[in-house]
Every structure is written in structure tokens, then in C-alpha cells.
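**Q** If it helps, the file is called input23.pdb and holds PDB, C-alpha atoms:
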ATOM      1  CA  MET A   1       6.961 -31.903 240.712
ATOM      2  CA  ARG A   2       3.229 -31.334 240.348
ATOM      3  CA  ARG A   3       1.511 -32.892 237.309
ATOM      4  CA  ARG A   4       0.353 -29.475 235.969
ATOM      5  CA  GLU A   5       3.910 -28.060 236.158
ATOM      6  CA  PHE A   6       5.335 -31.145 234.430
ATOM      7  CA  ILE A   7       2.855 -30.923 231.563
ATOM      8  CA  GLY A   8       3.643 -27.220 231.142
ATOM      9  CA  LEU A   9       7.367 -27.914 231.069
ATOM     10  CA  LEU A  10       6.912 -30.738 228.566
ATOM     11  CA  GLY A  11       4.755 -28.548 226.336
ATOM     12  CA  GLY A  12       7.432 -25.852 226.326
ATOM     13  CA  ALA A  13      10.133 -28.365 225.451
ATOM     14  CA  MET A  14       8.080 -29.738 222.580
ATOM     15  CA  ALA A  15       7.758 -26.218 221.189
ATOM     16  CA  TRP A  16      11.521 -25.530 221.221
ATOM     17  CA  PRO A  17      12.278 -27.111 217.789
ATOM     18  CA  LEU A  18       9.428 -25.118 216.234
ATOM     19  CA  VAL A  19      10.773 -21.866 217.663
ATOM     20  CA  THR A  20      14.312 -22.738 216.536
ATOM     21  CA  ARG A  21      13.128 -23.462 213.011
ATOM     22  CA  ALA A  22      11.189 -20.224 212.895
ATOM     23  CA  GLN A  23      14.280 -18.255 213.884
ATOM     24  CA  GLN A  24      16.563 -19.811 211.257
ATOM     25  CA  PRO A  25      17.474 -17.320 208.471
ATOM     26  CA  ALA A  26      15.819 -17.824 205.109
ATOM     27  CA  MET A  27      17.963 -19.357 202.361
ATOM     28  CA  PRO A  28      19.473 -16.518 200.263
ATOM     29  CA  VAL A  29      18.317 -16.238 196.661
ATOM     30  CA  ILE A  30      20.575 -15.257 193.747
ATOM     31  CA  GLY A  31      19.107 -13.729 190.614
ATOM     32  CA  PHE A  32      20.868 -14.986 187.467
ATOM     33  CA  LEU A  33      20.163 -12.662 184.540
ATOM     34  CA  SER A  34      21.233 -13.653 181.027
ATOM     35  CA  GLY A  35      20.607 -12.429 177.523
ATOM     36  CA  GLN A  36      20.842 -15.952 176.148
ATOM     37  CA  SER A  37      19.034 -19.298 176.593
ATOM     38  CA  PRO A  38      19.566 -22.031 179.205
ATOM     39  CA  GLU A  39      20.530 -24.480 176.441
ATOM     40  CA  SER A  40      23.333 -22.324 175.015
ATOM     41  CA  SER A  41      24.557 -21.304 178.469
ATOM     42  CA  ALA A  42      24.661 -24.676 180.251
ATOM     43  CA  HIS A  43      28.463 -24.692 180.465
ATOM     44  CA  LEU A  44      28.451 -21.139 181.834
ATOM     45  CA  VAL A  45      25.886 -21.980 184.509
ATOM     46  CA  ALA A  46      28.072 -24.923 185.529
ATOM     47  CA  ALA A  47      31.051 -22.557 185.803
ATOM     48  CA  PHE A  48      29.001 -20.130 187.915
ATOM     49  CA  ARG A  49      28.050 -22.939 190.292
ATOM     50  CA  ARG A  50      31.724 -23.931 190.611
ATOM     51  CA  GLY A  51      32.596 -20.377 191.605
ATOM     52  CA  LEU A  52      29.838 -20.404 194.228
ATOM     53  CA  GLN A  53      31.030 -23.735 195.587
ATOM     54  CA  ASP A  54      34.530 -22.305 196.069
ATOM     55  CA  THR A  55      32.982 -19.989 198.669
ATOM     56  CA  GLY A  56      30.932 -22.692 200.387
ATOM     57  CA  TYR A  57      27.592 -22.242 198.618
ATOM     58  CA  ALA A  58      25.770 -25.053 196.837
ATOM     59  CA  GLU A  59      22.478 -24.587 195.028
ATOM     60  CA  GLY A  60      19.639 -26.312 196.841
ATOM     61  CA  ARG A  61      21.667 -26.792 200.031
ATOM     62  CA  ASN A  62      22.287 -23.274 201.313
ATOM     63  CA  VAL A  63      21.359 -21.007 198.384
ATOM     64  CA  ARG A  64      18.697 -20.812 195.679
ATOM     65  CA  ILE A  65      19.113 -19.417 192.159
ATOM     66  CA  GLU A  66      16.327 -17.721 190.215
ATOM     67  CA  PHE A  67      17.152 -17.825 186.491
ATOM     68  CA  ARG A  68      15.870 -15.254 184.023
ATOM     69  CA  TRP A  69      16.636 -15.740 180.299
ATOM     70  CA  ALA A  70      16.102 -13.110 177.586
ATOM     71  CA  LEU A  71      16.540 -15.756 174.847
ATOM     72  CA  GLY A  72      18.531 -13.391 172.644
ATOM     73  CA  GLN A  73      15.991 -10.566 173.015
ATOM     74  CA  SER A  74      17.956  -7.848 174.808
ATOM     75  CA  ASN A  75      14.881  -5.626 174.994
ATOM     76  CA  GLN A  76      13.449  -8.118 177.505
ATOM     77  CA  LEU A  77      16.292  -7.637 179.992
ATOM     78  CA  PRO A  78      14.909  -4.544 181.809
ATOM     79  CA  ALA A  79      11.646  -6.334 182.637
ATOM     80  CA  LEU A  80      13.509  -9.475 183.733
ATOM     81  CA  ALA A  81      15.834  -7.412 185.938
ATOM     82  CA  ALA A  82      12.862  -5.584 187.477
ATOM     83  CA  ASP A  83      11.223  -8.937 188.223
ATOM     84  CA  LEU A  84      14.299 -10.135 190.121
ATOM     85  CA  VAL A  85      14.427  -6.885 192.074
ATOM     86  CA  GLY A  86      10.732  -7.244 192.923
ATOM     87  CA  ARG A  87      11.401 -10.719 194.292
ATOM     88  CA  GLY A  88      14.007  -9.302 196.665
ATOM     89  CA  VAL A  89      16.975 -11.415 195.575
ATOM     90  CA  ALA A  90      20.172 -11.025 197.607
ATOM     91  CA  VAL A  91      22.514 -10.616 194.600
ATOM     92  CA  ILE A  92      22.065 -10.330 190.828
ATOM     93  CA  ALA A  93      24.596 -12.089 188.598
ATOM     94  CA  ALA A  94      24.279 -10.419 185.184
ATOM     95  CA  THR A  95      26.251 -12.627 182.855
ATOM     96  CA  ALA A  96      26.386 -15.630 180.491
ATOM     97  CA  GLY A  97      25.853 -13.961 177.143
ATOM     98  CA  GLY A  98      24.628 -10.422 176.730
ATOM     99  CA  GLY A  99      26.494  -9.684 179.951
ATOM    100  CA  THR A 100      26.965  -5.966 179.304
ATOM    101  CA  ALA A 101      23.334  -5.376 178.361
ATOM    102  CA  ALA A 102      22.155  -7.486 181.296
ATOM    103  CA  SER A 103      24.414  -5.556 183.669
ATOM    104  CA  LEU A 104      23.127  -2.189 182.480
ATOM    105  CA  ALA A 105      19.540  -3.420 182.843
ATOM    106  CA  ALA A 106      20.224  -4.651 186.371
ATOM    107  CA  LYS A 107      21.915  -1.405 187.372
ATOM    108  CA  ALA A 108      18.975   0.596 186.052
ATOM    109  CA  ALA A 109      16.622  -1.583 188.118
ATOM    110  CA  THR A 110      18.314  -1.203 191.524
ATOM    111  CA  THR A 111      20.858   0.907 193.381
ATOM    112  CA  THR A 112      20.843  -1.279 196.498
ATOM    113  CA  ILE A 113      20.928  -4.965 195.518
ATOM    114  CA  PRO A 114      24.528  -6.053 194.757
ATOM    115  CA  ILE A 115      25.226  -6.786 191.076
ATOM    116  CA  VAL A 116      28.105  -8.882 189.696
ATOM    117  CA  PHE A 117      28.678  -8.666 185.938
ATOM    118  CA  THR A 118      30.705  -9.914 183.028
ATOM    119  CA  SER A 119      31.413  -7.373 180.309
ATOM    120  CA  GLY A 120      33.482  -7.268 177.162
ATOM    121  CA  THR A 121      33.213  -3.478 177.230
ATOM    122  CA  ASP A 122      35.130  -1.044 179.450
ATOM    123  CA  PRO A 123      32.797  -0.915 182.499
ATOM    124  CA  VAL A 124      34.076   2.524 183.548
ATOM    125  CA  ARG A 125      33.370   4.120 180.190
ATOM    126  CA  ILE A 126      29.801   2.814 180.017
ATOM    127  CA  GLY A 127      29.073   3.834 183.602
ATOM    128  CA  LEU A 128      28.810   0.480 185.346
ATOM    129  CA  VAL A 129      31.493   1.360 187.907
ATOM    130  CA  GLN A 130      33.471   4.423 188.985
ATOM    131  CA  SER A 131      36.858   2.721 188.569
ATOM    132  CA  LEU A 132      38.262  -0.786 188.213
ATOM    133  CA  ASN A 133      40.083  -0.761 191.547
ATOM    134  CA  ARG A 134      37.302   0.900 193.565
ATOM    135  CA  PRO A 135      33.994   0.251 191.800
ATOM    136  CA  GLY A 136      31.855   2.145 194.310
ATOM    137  CA  GLY A 137      28.103   1.681 194.532
ATOM    138  CA  ASN A 138      26.467  -1.735 194.290
ATOM    139  CA  VAL A 139      28.200  -3.115 191.171
ATOM    140  CA  THR A 140      31.396  -5.085 190.492
ATOM    141  CA  GLY A 141      32.407  -7.957 188.231
ATOM    142  CA  VAL A 142      34.742  -9.225 185.525
ATOM    143  CA  THR A 143      35.774  -7.518 182.286
ATOM    144  CA  PHE A 144      37.696  -8.880 179.320
ATOM    145  CA  PHE A 145      37.973  -5.955 176.862
ATOM    146  CA  SER A 146      37.142  -8.126 173.831
ATOM    147  CA  ALA A 147      37.710  -5.354 171.287
ATOM    148  CA  ALA A 148      41.364  -5.084 172.300
ATOM    149  CA  LEU A 149      41.976  -8.654 171.060
ATOM    150  CA  GLY A 150      41.096  -7.811 167.453
ATOM    151  CA  PRO A 151      44.744  -7.462 166.348
ATOM    152  CA  LYS A 152      45.562 -10.895 167.785
ATOM    153  CA  ARG A 153      42.650 -12.426 165.889
ATOM    154  CA  LEU A 154      43.796 -10.740 162.682
ATOM    155  CA  GLY A 155      47.274 -12.220 163.091
ATOM    156  CA  LEU A 156      45.924 -15.729 163.700
ATOM    157  CA  LEU A 157      43.669 -15.572 160.646
ATOM    158  CA  ARG A 158      46.489 -14.253 158.470
ATOM    159  CA  ASP A 159      48.661 -17.191 159.558
ATOM    160  CA  LEU A 160      46.031 -19.491 158.099
ATOM    161  CA  VAL A 161      45.178 -17.585 154.893
ATOM    162  CA  ARG A 162      48.577 -16.154 153.986
ATOM    163  CA  LYS A 163      47.786 -16.020 150.269
ATOM    164  CA  SER A 164      44.806 -13.747 150.835
ATOM    165  CA  ASP A 165      45.232 -10.226 149.496
ATOM    166  CA  LEU A 166      42.126  -8.972 151.315
ATOM    167  CA  ILE A 167      40.562  -9.797 154.686
ATOM    168  CA  ALA A 168      37.088  -8.489 155.516
ATOM    169  CA  VAL A 169      36.252  -7.198 158.999
ATOM    170  CA  VAL A 170      32.618  -7.131 160.150
ATOM    171  CA  LEU A 171      31.694  -4.894 163.075
ATOM    172  CA  ASN A 172      28.560  -3.525 164.677
ATOM    173  CA  ALA A 173      28.827   0.251 164.848
ATOM    174  CA  THR A 174      26.228   0.356 167.639
ATOM    175  CA  PHE A 175      28.496  -1.641 169.972
ATOM    176  CA  PRO A 176      30.133   0.754 172.480
ATOM    177  CA  ASP A 177      33.680  -0.466 171.758
ATOM    178  CA  ALA A 178      33.299  -0.648 167.959
ATOM    179  CA  ALA A 179      35.356   2.476 167.259
ATOM    180  CA  LEU A 180      38.182   1.307 169.517
ATOM    181  CA  GLY A 181      38.168  -2.160 167.968
ATOM    182  CA  ARG A 182      38.229  -0.760 164.448
ATOM    183  CA  ARG A 183      41.124   1.572 165.184
ATOM    184  CA  GLU A 184      43.254  -1.178 166.727
ATOM    185  CA  ILE A 185      42.572  -3.617 163.877
ATOM    186  CA  GLU A 186      43.394  -0.978 161.250
ATOM    187  CA  GLU A 187      46.669  -0.172 163.013
ATOM    188  CA  ALA A 188      47.553  -3.857 163.283
ATOM    189  CA  ALA A 189      46.746  -4.465 159.601
ATOM    190  CA  GLN A 190      48.959  -1.575 158.574
ATOM    191  CA  SER A 191      51.836  -2.823 160.705
ATOM    192  CA  ILE A 192      51.838  -6.265 159.037
ATOM    193  CA  GLY A 193      50.973  -5.043 155.535
ATOM    194  CA  GLN A 194      47.569  -6.710 155.388
ATOM    195  CA  ARG A 195      44.832  -5.093 153.310
ATOM    196  CA  ILE A 196      41.436  -5.094 155.022
ATOM    197  CA  THR A 197      37.947  -3.782 154.325
ATOM    198  CA  ILE A 198      35.454  -2.771 157.008
ATOM    199  CA  LEU A 199      31.827  -3.914 156.730
ATOM    200  CA  HIS A 200      28.978  -3.015 159.074
ATOM    201  CA  ALA A 201      26.122  -5.135 160.424
ATOM    202  CA  SER A 202      23.700  -4.488 163.256
ATOM    203  CA  ASP A 203      20.905  -6.946 162.392
ATOM    204  CA  SER A 204      20.457 -10.310 160.691
ATOM    205  CA  LYS A 205      19.706  -8.826 157.275
ATOM    206  CA  GLU A 206      22.845  -6.686 157.375
ATOM    207  CA  ILE A 207      24.902  -9.763 158.269
ATOM    208  CA  GLU A 208      23.708 -11.411 155.054
ATOM    209  CA  THR A 209      24.436  -8.227 153.099
ATOM    210  CA  ALA A 210      27.957  -8.089 154.553
ATOM    211  CA  PHE A 211      28.642 -11.642 153.376
ATOM    212  CA  GLU A 212      27.372 -10.831 149.905
ATOM    213  CA  ALA A 213      29.707  -7.839 149.810
ATOM    214  CA  LEU A 214      32.810  -9.694 150.971
ATOM    215  CA  VAL A 215      32.175 -12.500 148.478
ATOM    216  CA  GLY A 216      31.882  -9.922 145.718
ATOM    217  CA  MET A 217      35.187  -8.400 146.837
ATOM    218  CA  ARG A 218      36.798 -11.873 146.792
ATOM    219  CA  ALA A 219      37.935 -11.508 150.397
ATOM    220  CA  GLY A 220      40.043 -14.490 151.431
ATOM    221  CA  GLY A 221      39.103 -14.364 155.106
ATOM    222  CA  LEU A 222      36.740 -12.792 157.612
ATOM    223  CA  LEU A 223      37.331 -11.346 161.056
ATOM    224  CA  VAL A 224      34.117 -10.915 163.074
ATOM    225  CA  CYS A 225      34.609  -8.265 165.738
ATOM    226  CA  ALA A 226      33.564  -8.750 169.345
ATOM    227  CA  ASP A 227      29.910  -7.952 169.952
ATOM    228  CA  PRO A 228      27.144  -9.471 172.136
ATOM    229  CA  PHE A 229      24.689  -9.325 169.229
ATOM    230  CA  PHE A 230      27.076 -11.299 167.029
ATOM    231  CA  ILE A 231      27.339 -13.998 169.714
ATOM    232  CA  ALA A 232      23.569 -14.351 169.635
ATOM    233  CA  GLU A 233      23.773 -14.734 165.828
ATOM    234  CA  ARG A 234      26.687 -17.209 165.840
ATOM    235  CA  ALA A 235      24.713 -19.925 164.041
ATOM    236  CA  GLN A 236      23.964 -17.521 161.186
ATOM    237  CA  PHE A 237      27.617 -16.494 160.924
ATOM    238  CA  ALA A 238      28.804 -20.110 160.876
ATOM    239  CA  ALA A 239      26.216 -21.105 158.258
ATOM    240  CA  LEU A 240      27.012 -18.165 155.962
ATOM    241  CA  ALA A 241      30.769 -18.709 156.281
ATOM    242  CA  ALA A 242      30.278 -22.365 155.341
ATOM    243  CA  ARG A 243      27.939 -21.526 152.443
ATOM    244  CA  HIS A 244      30.365 -19.021 150.948
ATOM    245  CA  ALA A 245      33.504 -21.000 151.894
ATOM    246  CA  ILE A 246      35.003 -18.113 153.870
ATOM    247  CA  PRO A 247      37.619 -18.850 156.570
ATOM    248  CA  ALA A 248      36.531 -16.802 159.594
ATOM    249  CA  ILE A 249      37.739 -16.070 163.106
ATOM    250  CA  PHE A 250      35.501 -15.051 165.998
ATOM    251  CA  GLU A 251      35.731 -13.952 169.625
ATOM    252  CA  ASP A 252      34.234 -16.912 171.494
ATOM    253  CA  ARG A 253      34.416 -20.715 171.386
ATOM    254  CA  ASP A 254      30.637 -20.935 170.892
ATOM    255  CA  PHE A 255      31.219 -19.776 167.301
ATOM    256  CA  ALA A 256      33.624 -22.666 166.691
ATOM    257  CA  VAL A 257      31.225 -25.096 168.357
ATOM    258  CA  ALA A 258      28.512 -23.808 165.990
ATOM    259  CA  GLY A 259      30.754 -24.602 163.013
ATOM    260  CA  GLY A 260      32.950 -21.529 162.716
ATOM    261  CA  LEU A 261      36.592 -22.064 161.793
ATOM    262  CA  MET A 262      38.427 -20.440 164.716
ATOM    263  CA  SER A 263      37.899 -18.359 167.824
ATOM    264  CA  TYR A 264      40.226 -16.493 170.109
ATOM    265  CA  GLY A 265      39.220 -14.589 173.198
ATOM    266  CA  ALA A 266      38.801 -14.568 176.927
ATOM    267  CA  SER A 267      37.429 -17.752 178.433
ATOM    268  CA  PHE A 268      33.791 -16.886 179.178
ATOM    269  CA  SER A 269      33.551 -19.959 181.403
ATOM    270  CA  ASP A 270      36.425 -18.784 183.579
ATOM    271  CA  ALA A 271      34.992 -15.249 183.751
ATOM    272  CA  VAL A 272      31.603 -16.588 184.855
ATOM    273  CA  ARG A 273      33.305 -18.811 187.436
ATOM    274  CA  GLN A 274      34.858 -15.648 188.867
ATOM    275  CA  VAL A 275      31.401 -14.046 188.933
ATOM    276  CA  GLY A 276      30.182 -17.022 190.985
ATOM    277  CA  ASN A 277      33.083 -16.550 193.385
ATOM    278  CA  TYR A 278      32.335 -12.838 193.844
ATOM    279  CA  THR A 279      28.644 -13.629 194.330
ATOM    280  CA  GLY A 280      29.489 -16.045 197.137
ATOM    281  CA  ARG A 281      31.816 -13.542 198.778
ATOM    282  CA  ILE A 282      29.062 -10.922 198.739
ATOM    283  CA  LEU A 283      26.661 -13.399 200.345
ATOM    284  CA  HIS A 284      29.289 -13.826 203.067
ATOM    285  CA  GLY A 285      29.117 -10.096 203.756
ATOM    286  CA  GLU A 286      31.664  -8.398 201.476
ATOM    287  CA  LYS A 287      30.531  -5.257 199.657
ATOM    288  CA  PRO A 288      30.678  -4.797 195.858
ATOM    289  CA  ALA A 289      32.219  -1.339 196.327
ATOM    290  CA  ASP A 290      35.251  -2.983 197.975
ATOM    291  CA  LEU A 291      35.731  -5.759 195.408
ATOM    292  CA  PRO A 292      37.863  -4.545 192.466
ATOM    293  CA  VAL A 293      36.677  -5.331 188.960
ATOM    294  CA  LEU A 294      38.675  -8.341 187.784
ATOM    295  CA  GLN A 295      40.268  -8.505 184.354
ATOM    296  CA  ALA A 296      40.071 -11.859 182.606
ATOM    297  CA  SER A 297      43.391 -13.665 182.715
ATOM    298  CA  LYS A 298      42.561 -16.866 180.812
ATOM    299  CA  PHE A 299      42.332 -16.788 177.013
ATOM    300  CA  GLU A 300      41.632 -19.636 174.631
ATOM    301  CA  LEU A 301      42.210 -20.455 170.988
ATOM    302  CA  VAL A 302      39.717 -22.945 169.551
ATOM    303  CA  ILE A 303      40.072 -24.461 166.080
ATOM    304  CA  ASN A 304      37.415 -26.477 164.271
ATOM    305  CA  VAL A 305      39.464 -28.780 162.019
ATOM    306  CA  LYS A 306      36.307 -30.343 160.585
ATOM    307  CA  THR A 307      35.377 -26.924 159.225
ATOM    308  CA  ALA A 308      38.948 -26.411 158.018
ATOM    309  CA  ARG A 309      38.772 -29.621 155.971
ATOM    310  CA  ALA A 310      35.415 -28.568 154.505
ATOM    311  CA  LEU A 311      37.053 -25.311 153.414
ATOM    312  CA  GLY A 312      39.997 -27.165 151.906
ATOM    313  CA  LEU A 313      42.410 -25.698 154.438
ATOM    314  CA  THR A 314      45.293 -27.444 156.143
ATOM    315  CA  VAL A 315      45.849 -26.054 159.630
ATOM    316  CA  PRO A 316      49.598 -25.812 160.280
ATOM    317  CA  GLY A 317      50.898 -27.971 163.084
ATOM    318  CA  SER A 318      52.367 -24.900 164.738
ATOM    319  CA  LEU A 319      48.879 -23.352 164.964
ATOM    320  CA  LEU A 320      47.309 -26.565 166.238
ATOM    321  CA  ALA A 321      49.982 -26.703 168.930
ATOM    322  CA  LEU A 322      48.838 -23.297 170.167
ATOM    323  CA  ALA A 323      45.166 -24.333 170.344
ATOM    324  CA  ASP A 324      43.530 -24.808 173.722
ATOM    325  CA  GLU A 325      40.802 -26.869 172.084
ATOM    326  CA  VAL A 326      40.536 -28.673 168.753
ATOM    327  CA  ILE A 327      37.076 -29.601 167.484
ATOM    328  CA  ASP A 328      36.938 -32.509 165.058
TER
END
Just dump the structure as C-alpha cells.
**A**
Amino acid sequence: MRRREFIGLLGGAMAWPLVTRAQQPAMPVIGFLSGQSPESSAHLVAAFRRGLQDTGYAEGRNVRIEFRWALGQSNQLPALAADLVGRGVAVIAATAGGGTAASLAAKAATTTIPIVFTSGTDPVRIGLVQSLNRPGGNVTGVTFFSAALGPKRLGLLRDLVRKSDLIAVVLNATFPDAALGRREIEEAAQSIGQRITILHASDSKEIETAFEALVGMRAGGLLVCADPFFIAERAQFAALAARHAIPAIFEDRDFAVAGGLMSYGASFSDAVRQVGNYTGRILHGEKPADLPVLQASKFELVINVKTARALGLTVPGSLLALADEVID
């Protein structure tokens, strides 16, 4: 072989790795859109990563995640969603607190990028998907119909405050499922002979006013209806319930962690894990339109016995036995 031919062949061989690297596909990027903060959502992010790992994706190894946090300011979600769309992410996971609002913001921002949501509201009724079994379009996810669990929460609270003649119910009339939740709670109260009063709150000041009203009525307990805004204000609810010595039940464990007495609802962590799984499946090539909306199947009762003692309450052993988590 002539020297010139050999050098040319060697030069071509040395270039092969560079060409191979250039032809490798770019690492896919997931947009993670949340109405909350990274601090309050750490356990949900961990659950999302577990769901991804079940499909073979690990952050930093074969996928990147771009996080966008609204920090409790839902009005920031449209701009955050638009930013993710502008960056050309492969999938948007709209979840981890404020899931419904984040999902609606993401859907308004794109009709082509796949979106996977969590929502406590009926996703068909609010226009996220065409149906649960065949979502259609670019959106699918997990729903847990939080409002429908109101009667169960009322029963659990009544088991703990049996001597109470009146239980107050706080709801946010601007929440899409508020009317449904109210109707089901009123029907449940009537069926068990429990007197209730309905109070409304849609901002922090109205939450304080609601507590002042229920204290004046001498309500023996408080049921806080499901609502993304209320989750964002969980610290305020826990502090006011403690200040006024009101036994209260909420929808999510984060309320009990913040000092609330009890919570009962769908496991947000499990729902977000399922979102991670769907996100991975979409990255593998499945289409959102073909992935049915999942309904949460794991529910959890959390009791804060430290708060119970502060309220002078003794939690029955039968109720503790039902708890999925006891905070002390």
C-alpha cells in the first residue's frame, strides 16, 4: 500500500468516532411543570423519577428534566408552560401540586407536544381529554376525583368528634368540582344525621373569616374540601385549626405533615409515579391519544397524633388501625 493511501485510510478511520458521535440522537428532555415549590414537592419528584425508571429512563443517563415551579402562583403557569414549549421538550409532565391548573396551562400552550397530567377534577368535564378510555389529542394522565371522597372524610371526622352537634365544611366555590363536592357531602350528612354548615373561601383572607365564623358557631369539627388552592395554603389551615383548637380533616397528607389532624385521599405520590411511567412510555413511542386516563387506585389515611394530643383528643385504636401513616 502506498504511503499516501495509508495516510488517507488512517485519517478516515480516526474520523469515524467523531461521525458516530455526531449521528447519535440527542438526549430527550422532559418538561416538569408544577404549581408548587421544589421543597414541598421533593417526595413527588422522587415518585416521578421512580415511574420513569420503571420504563428504563434515568435522569442524567438517558433523559434530562427541565423543572418549572410556579411557587403557589397559578397565574405564572401559562408563561412557564410557554417557556417549556419554546425549548422544544419531548413531553410535559404537568403535576405535583396545582396539577389541574398546570395541565390546562400546558394544553393551552401546545397541541403537539405530549402532556401527562394529574388532576383531582374530572378531566373530561374541564376539556383536558375527550374521554377517559380514549383521550384523543396530545393529553393523557391520572385523575383521582378528590371531590367524590368528601363523604368518606365526613365519616372519618365524625368518628373522631362524635359529640359534635355541628361540623363546618369549607369549600372554594371557584373550584370546578365544588358544586359536586358540596352536593355529595350534604347527602352524606343527611344520611348519617350529621348537621353541617357550608362556608366559602377563595383567598387567604376568606380562610381566616371562615375560621372566625365556625368558631362563633361553636362547630366541633372542620372538613376542608378538595381544592388545589387549599393545598397551597395548607400551612395557614393547620395554624388556624391549631389556634382555634378545631379538629379538621383534609384531602392530602401534606396537610397532616404541616400539622393538620387528619387527611384522607388519593396518594399523590402514587399518582405522580404513574405520570412518570406514562411519560417514559411516550418517550418510547406510544401516543397519548392511545393511553387511557388512569384513575387513582391507592388511597391513604394519615393521622397526626401529636396534633390530636394538643387538641385533647384520643384517637380510637380502631381508627389508628385503619391509618396508612401515623405522625407523632
**Q** Using all atoms listed in the file, pick whichever of A:Phe237, A:Leu313, A:Gly88, A:Lys163 has the shortest atom-to-atom distance to Thr209 (chain A).
**A** A:Phe237
**Q** Just how far from CA of Gly280 (chain A) is CA of Leu44 (chain A), in Å to one decimal?
**A**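 Distance between the two atoms: 16.2 Å.
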**Q** For this file, the PyMOL selection byres ((chain A and resi 165) around 10) selects which residues, as JSON, numbers by chain?
**A** {"A": [158, 161, 162, 163, 164, 166, 167, 193, 194, 195, 196, 218, 219, 220, 221]}
**Q** Any chance you could export the current selection's C-alpha atoms as a PDB file, keeping the file's coordinate frame?
**A**
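What landed in out-v8.pdb:
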ATOM      1  CA  ARG A 158      46.489 -14.253 158.470  1.00  0.00           C
ATOM      2  CA  VAL A 161      45.178 -17.585 154.893  1.00  0.00           C
ATOM      3  CA  ARG A 162      48.577 -16.154 153.986  1.00  0.00           C
ATOM      4  CA  LYS A 163      47.786 -16.020 150.269  1.00  0.00           C
ATOM      5  CA  SER A 164      44.806 -13.747 150.835  1.00  0.00           C
ATOM      6  CA  LEU A 166      42.126  -8.972 151.315  1.00  0.00           C
ATOM      7  CA  ILE A 167      40.562  -9.797 154.686  1.00  0.00           C
ATOM      8  CA  GLY A 193      50.973  -5.043 155.535  1.00  0.00           C
ATOM      9  CA  GLN A 194      47.569  -6.710 155.388  1.00  0.00           C
ATOM     10  CA  ARG A 195      44.832  -5.093 153.310  1.00  0.00           C
ATOM     11  CA  ILE A 196      41.436  -5.094 155.022  1.00  0.00           C
ATOM     12  CA  ARG A 218      36.798 -11.873 146.792  1.00  0.00           C
ATOM     13  CA  ALA A 219      37.935 -11.508 150.397  1.00  0.00           C
ATOM     14  CA  GLY A 220      40.043 -14.490 151.431  1.00  0.00           C
ATOM     15  CA  GLY A 221      39.103 -14.364 155.106  1.00  0.00           C
TER      16      GLY A 221
END
**Q** Any chance you could work out the residue set of the PyMOL selection byres ((chain A and resi 255) around 12) here, as number ranges by chain?
**A** A: 40, 224, 226, 230-239, 241, 248-254, 256-265, 301-304, 307, 327
**Q** What does the distance from CA of Val169 (chain A) to CA of Phe145 (chain A) come to in Å, to one decimal?
**A**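 Separation between CA of Val169 (chain A) and CA of Phe145 (chain A): 18.0 Å.
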**Q** Could you list, as an mmCIF file with C-alpha atoms, in the coordinates of the input, every residue within 9 Å of Glu186 (chain A), counting only C-alpha atoms and ignoring same-chain residues fewer than 4 positions away?
**A**
data_model
loop_
_atom_site.group_PDB
_atom_site.id
_atom_site.type_symbol
_atom_site.label_atom_id
_atom_site.label_comp_id
_atom_site.auth_asym_id
_atom_site.auth_seq_id
_atom_site.Cartn_x
_atom_site.Cartn_y
_atom_site.Cartn_z
ATOM 1 C CA PRO A 151 44.744 -7.462 166.348
ATOM 2 C CA GLY A 181 38.168 -2.160 167.968
ATOM 3 C CA ARG A 182 38.229 -0.760 164.448
ATOM 4 C CA GLN A 190 48.959 -1.575 158.574
ATOM 5 C CA SER A 191 51.836 -2.823 160.705
ATOM 6 C CA ILE A 196 41.436 -5.094 155.022
#
